[in-house]
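Q: Quick one: this structure, given as structure tokens, is what I'll be asking you about.
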Amino acid sequence: MYSVRYNLQPAKPAPRQCGECVACCQALRIDSPQLQKQSGVLCPNCTGKGCGIYEQRPQVCREWLCTWMRAPEIPEDFRPDLLGVMFSYEAQSASANPFERRYFVGRYLRDPSTVDLAKVEQVIDYLARASVHVPVWLSKDGEMRLVHPRKPLADLIFQGDTASADAVAWRNALS
Ligand code: SF4
Ligand code: SF4
């Protein structure tokens, strides 16, 4: 099975093309020497259909790929702008919360009521199978909700439960 678990570096070549999606050029906060912008603000270099300075785009843009770009197993029509949710792999190694050290996050790009949530669940299921012990979050306007592992198991992991083999395996993987 294809694993996106440690696929932090861009695939060379990327298995897909962005097409007319510019979701990451709007949704992400960028703070690099070459480019700074807030999340939710379309990059000034974006034409609305792609990057206007593609050949000269900053290194941070060259290295970043969403999960849809990295994982051809995710259906073609789940491209972030079409799905309404953009999934990516992120890491904050210093986080006190073990579920926030390395994880997938799906950022809603529009109101969840306009999103096909069954498709979003399909992506979450795929990530949970491909990278069993990597948490998955959903984020709306900066508010994060853990969706893998589900709450009952997450509680056991936090409580230090030793009777559940799943909880023990998760704690080992997160430590
Ligand atoms: S969100 Fe993914 S598909 Fe869309 S522009 Fe960014 S890298 Fe390309
Ligand atoms: S420089 Fe280009 S690739 Fe980078 S955020 Fe702006 S439009 Fe997107």
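Here's how to read the names in the structure tokens: chain A, B, ... by the order shown, residue numbers from 1 in each chain, ligand numbers from 1 in the order shown.
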Within 6 Å of ligand 1, counting only C-alpha atoms and all ligand atoms: which residues, as a list in words?
A: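 The residues within 6 Å of ligand 1, counting only C-alpha atoms and all ligand atoms, are Cys18, Cys21, Val22, Ala23, Cys24, Leu65, Cys66, Met69, Arg79, Pro80 and Met86 of chain A.
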Q: Hey, can you spit out that residue selection with all heavy atoms as a CSV table (one decimal), in the first residue's frame?
A:
```csv
chain,number,residue,atom,x,y,z
A,18,CYS,N,-1.4,20.4,-10.5
A,18,CYS,CA,-2.4,21.2,-9.7
A,18,CYS,C,-3.6,21.6,-10.6
A,18,CYS,O,-4.7,21.9,-10.1
A,18,CYS,CB,-1.8,22.5,-9.2
A,18,CYS,SG,-0.4,22.1,-8.0
A,21,CYS,N,-6.3,24.5,-9.6
A,21,CYS,CA,-6.4,24.6,-8.1
A,21,CYS,C,-5.3,25.6,-7.7
A,21,CYS,O,-4.2,25.5,-8.1
A,21,CYS,CB,-6.2,23.3,-7.4
A,21,CYS,SG,-6.3,23.4,-5.6
A,22,VAL,N,-5.7,26.5,-6.8
A,22,VAL,CA,-4.8,27.5,-6.2
A,22,VAL,C,-5.0,27.5,-4.7
A,22,VAL,O,-4.8,28.5,-4.0
A,22,VAL,CB,-4.8,28.9,-6.8
A,22,VAL,CG1,-4.4,28.9,-8.2
A,22,VAL,CG2,-6.3,29.5,-6.7
A,23,ALA,N,-5.6,26.4,-4.2
A,23,ALA,CA,-6.1,26.4,-2.8
A,23,ALA,C,-4.9,26.8,-1.8
A,23,ALA,O,-5.1,27.6,-0.9
A,23,ALA,CB,-6.7,25.0,-2.4
A,24,CYS,N,-3.8,26.1,-2.0
A,24,CYS,CA,-2.7,26.4,-1.0
A,24,CYS,C,-2.2,27.8,-1.1
A,24,CYS,O,-1.7,28.4,-0.2
A,24,CYS,CB,-1.6,25.4,-1.1
A,24,CYS,SG,-0.8,25.3,-2.8
A,65,LEU,N,3.6,20.4,-1.0
A,65,LEU,CA,2.6,19.7,-1.8
A,65,LEU,C,1.5,19.2,-0.9
A,65,LEU,O,1.8,18.7,0.2
A,65,LEU,CB,3.2,18.5,-2.6
A,65,LEU,CG,4.2,18.7,-3.7
A,65,LEU,CD1,4.7,17.4,-4.3
A,65,LEU,CD2,3.5,19.5,-4.9
A,66,CYS,N,0.3,19.4,-1.3
A,66,CYS,CA,-0.8,18.9,-0.5
A,66,CYS,C,-0.8,17.3,-0.6
A,66,CYS,O,-0.2,16.7,-1.5
A,66,CYS,CB,-2.1,19.5,-1.0
A,66,CYS,SG,-2.7,18.9,-2.6
A,69,MET,N,-1.8,15.8,-4.0
A,69,MET,CA,-0.7,15.8,-5.0
A,69,MET,C,0.2,14.6,-4.7
A,69,MET,O,0.8,14.1,-5.7
A,69,MET,CB,0.1,17.1,-4.9
A,69,MET,CG,-0.6,18.3,-5.6
A,69,MET,SD,-0.5,18.2,-7.4
A,69,MET,CE,1.2,18.8,-7.6
A,79,ARG,N,-9.5,16.8,-5.7
A,79,ARG,CA,-8.6,17.9,-5.7
A,79,ARG,C,-9.1,18.9,-4.7
A,79,ARG,O,-10.3,19.2,-4.6
A,79,ARG,CB,-8.4,18.5,-7.1
A,79,ARG,CG,-7.2,19.3,-7.3
A,79,ARG,CD,-7.1,19.8,-8.7
A,79,ARG,NE,-8.2,20.8,-9.0
A,79,ARG,CZ,-8.4,21.3,-10.2
A,79,ARG,NH1,-7.7,20.9,-11.2
A,79,ARG,NH2,-9.3,22.2,-10.4
A,80,PRO,N,-8.2,19.6,-3.9
A,80,PRO,CA,-8.7,20.4,-2.8
A,80,PRO,C,-9.8,21.4,-3.2
A,80,PRO,O,-10.7,21.6,-2.4
A,80,PRO,CB,-7.4,21.1,-2.3
A,80,PRO,CG,-6.3,20.1,-2.6
A,80,PRO,CD,-6.7,19.4,-3.8
A,86,MET,N,-8.5,20.8,2.0
A,86,MET,CA,-7.1,20.6,1.6
A,86,MET,C,-6.4,19.9,2.7
A,86,MET,O,-6.2,20.4,3.8
A,86,MET,CB,-6.5,22.0,1.3
A,86,MET,CG,-5.0,21.9,0.9
A,86,MET,SD,-4.3,23.5,0.6
A,86,MET,CE,-4.1,24.0,2.3
```
Q: For ligand 2, collect every residue having any atom at a distance of at most 8 Å from a ligand atom (counting only C-alpha atoms and all ligand atoms); output as a PyMOL selection string.
A: chain A and resi 22+24-26+30+35+42-47+50-54+57-58+60-62
Q: Can you check which residues of stretch 6-172 of chain A DSSP gives as strand (DSSP E or B) on the backbone and send them as a PDB file with C-alpha atoms, in the first residue's frame?
A:
```pdb
ATOM      1  CA  ILE A  30       3.616  31.893   4.292  1.00  0.00           C
ATOM      2  CA  ASP A  31       6.520  33.399   6.165  1.00  0.00           C
ATOM      3  CA  GLN A  36       5.065  36.633   3.442  1.00  0.00           C
ATOM      4  CA  LYS A  37       1.301  36.394   3.491  1.00  0.00           C
ATOM      5  CA  CYS A  46      -1.480  34.143  -8.042  1.00  0.00           C
ATOM      6  CA  CYS A  51       1.215  30.920 -10.171  1.00  0.00           C
ATOM      7  CA  VAL A  85     -10.924  20.516   1.994  1.00  0.00           C
ATOM      8  CA  MET A  86      -7.140  20.621   1.575  1.00  0.00           C
ATOM      9  CA  PHE A  87      -5.202  17.871   3.347  1.00  0.00           C
ATOM     10  CA  SER A  88      -1.500  18.167   4.123  1.00  0.00           C
ATOM     11  CA  TYR A  89       1.152  16.537   6.286  1.00  0.00           C
ATOM     12  CA  GLU A  90       2.669  18.780   8.931  1.00  0.00           C
ATOM     13  CA  ALA A  91       5.058  18.474  11.847  1.00  0.00           C
ATOM     14  CA  ARG A 102       3.355  15.037  13.114  1.00  0.00           C
ATOM     15  CA  TYR A 103      -0.071  14.770  11.632  1.00  0.00           C
ATOM     16  CA  PHE A 104      -2.341  15.275   8.677  1.00  0.00           C
ATOM     17  CA  VAL A 105      -4.686  18.225   8.703  1.00  0.00           C
ATOM     18  CA  GLY A 106      -7.634  18.802   6.414  1.00  0.00           C
ATOM     19  CA  ARG A 107      -8.407  22.516   6.182  1.00  0.00           C
ATOM     20  CA  TYR A 108     -11.927  23.443   5.155  1.00  0.00           C
ATOM     21  CA  VAL A 136      -5.586  13.300  11.347  1.00  0.00           C
ATOM     22  CA  TRP A 137      -7.201  16.637  12.205  1.00  0.00           C
ATOM     23  CA  LEU A 138      -9.878  18.705  10.524  1.00  0.00           C
ATOM     24  CA  SER A 139      -9.498  22.463  10.776  1.00  0.00           C
ATOM     25  CA  LYS A 140     -12.059  25.204  10.251  1.00  0.00           C
ATOM     26  CA  GLU A 143     -10.238  25.443  15.158  1.00  0.00           C
ATOM     27  CA  MET A 144      -8.809  21.912  15.124  1.00  0.00           C
ATOM     28  CA  ARG A 145     -10.783  18.682  15.644  1.00  0.00           C
ATOM     29  CA  LEU A 146      -9.054  15.313  15.983  1.00  0.00           C
ATOM     30  CA  VAL A 147     -10.739  12.735  13.716  1.00  0.00           C
ATOM     31  CA  HIS A 148      -8.141   9.925  13.791  1.00  0.00           C
TER      32      HIS A 148
END
```
Q: Return as a ChimeraX atom specification the full set of residues in stretch 59-172 of chain A whose backbone-based DSSP assignment is alpha helix (DSSP H).
A: /A:59-63,67-70,80-83,117-130,151-159,165-172
Q: Can those selected residues be exported to a file as a PDB file, in the first residue's frame so that it contains C-alpha atoms?
A:
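What ended up in part.pdb:
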```
ATOM      1  CA  GLN A  59      11.591  27.676  -2.508  1.00  0.00           C
ATOM      2  CA  VAL A  60       8.831  27.190   0.060  1.00  0.00           C
ATOM      3  CA  CYS A  61       6.312  26.906  -2.783  1.00  0.00           C
ATOM      4  CA  ARG A  62       8.519  24.436  -4.638  1.00  0.00           C
ATOM      5  CA  GLU A  63       8.731  22.154  -1.630  1.00  0.00           C
ATOM      6  CA  THR A  67      -1.672  15.250   0.235  1.00  0.00           C
ATOM      7  CA  TRP A  68      -3.830  14.993  -2.890  1.00  0.00           C
ATOM      8  CA  MET A  69      -0.733  15.806  -4.952  1.00  0.00           C
ATOM      9  CA  ARG A  70       1.345  13.215  -3.130  1.00  0.00           C
ATOM     10  CA  PRO A  80      -8.680  20.410  -2.781  1.00  0.00           C
ATOM     11  CA  ASP A  81     -10.571  23.137  -4.644  1.00  0.00           C
ATOM     12  CA  LEU A  82     -13.163  20.595  -5.829  1.00  0.00           C
ATOM     13  CA  LEU A  83     -13.473  18.769  -2.495  1.00  0.00           C
ATOM     14  CA  LEU A 117     -18.546  15.029   4.005  1.00  0.00           C
ATOM     15  CA  ALA A 118     -18.713  11.413   2.805  1.00  0.00           C
ATOM     16  CA  LYS A 119     -15.785  12.182   0.487  1.00  0.00           C
ATOM     17  CA  VAL A 120     -13.907  13.838   3.338  1.00  0.00           C
ATOM     18  CA  GLU A 121     -14.447  10.677   5.419  1.00  0.00           C
ATOM     19  CA  GLN A 122     -13.082   8.664   2.488  1.00  0.00           C
ATOM     20  CA  VAL A 123      -9.837  10.642   2.608  1.00  0.00           C
ATOM     21  CA  ILE A 124      -9.619  10.271   6.389  1.00  0.00           C
ATOM     22  CA  ASP A 125     -10.131   6.498   6.051  1.00  0.00           C
ATOM     23  CA  TYR A 126      -7.444   6.321   3.390  1.00  0.00           C
ATOM     24  CA  LEU A 127      -4.947   8.227   5.554  1.00  0.00           C
ATOM     25  CA  ALA A 128      -5.801   6.109   8.599  1.00  0.00           C
ATOM     26  CA  ARG A 129      -5.107   2.928   6.607  1.00  0.00           C
ATOM     27  CA  ALA A 130      -1.991   4.204   4.841  1.00  0.00           C
ATOM     28  CA  LYS A 151     -12.321  10.169  20.593  1.00  0.00           C
ATOM     29  CA  PRO A 152     -12.765   6.951  22.642  1.00  0.00           C
ATOM     30  CA  LEU A 153      -9.365   5.663  21.558  1.00  0.00           C
ATOM     31  CA  ALA A 154      -7.760   9.114  21.868  1.00  0.00           C
ATOM     32  CA  ASP A 155      -9.003   9.264  25.470  1.00  0.00           C
ATOM     33  CA  LEU A 156      -7.454   5.845  26.242  1.00  0.00           C
ATOM     34  CA  ILE A 157      -4.152   6.975  24.707  1.00  0.00           C
ATOM     35  CA  PHE A 158      -4.137  10.153  26.802  1.00  0.00           C
ATOM     36  CA  GLN A 159      -5.126   8.314  29.981  1.00  0.00           C
ATOM     37  CA  ALA A 165      -3.334  -2.881  22.576  1.00  0.00           C
ATOM     38  CA  ASP A 166      -4.353  -0.102  20.187  1.00  0.00           C
ATOM     39  CA  ALA A 167      -3.719   2.580  22.806  1.00  0.00           C
ATOM     40  CA  VAL A 168      -0.319   1.096  23.673  1.00  0.00           C
ATOM     41  CA  ALA A 169       0.657   0.904  19.999  1.00  0.00           C
ATOM     42  CA  TRP A 170      -0.383   4.522  19.478  1.00  0.00           C
ATOM     43  CA  ARG A 171       1.568   5.728  22.509  1.00  0.00           C
ATOM     44  CA  ASN A 172       4.673   3.882  21.300  1.00  0.00           C
TER      45      ASN A 172
END
```
Q: Which of these residues is nearest to A:Leu109, using only C-alpha atoms: A:Val132, A:Trp64, A:Val41, A:Arg150?
A: A:Val41
Q: Smallest atom-to-atom distance to A:Thr114: which of A:Pro98, A:Gly84, A:Gly40, A:Arg16, using only C-alpha atoms?
A: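 Using only C-alpha atoms, A:Thr114 sits closest to A:Gly84.
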Q: Quick one: pull the distance between atom CA of A:Ala96 and atom CA of A:Pro149, Å, one decimal.
A: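 A separation of 17.6 Å between them.
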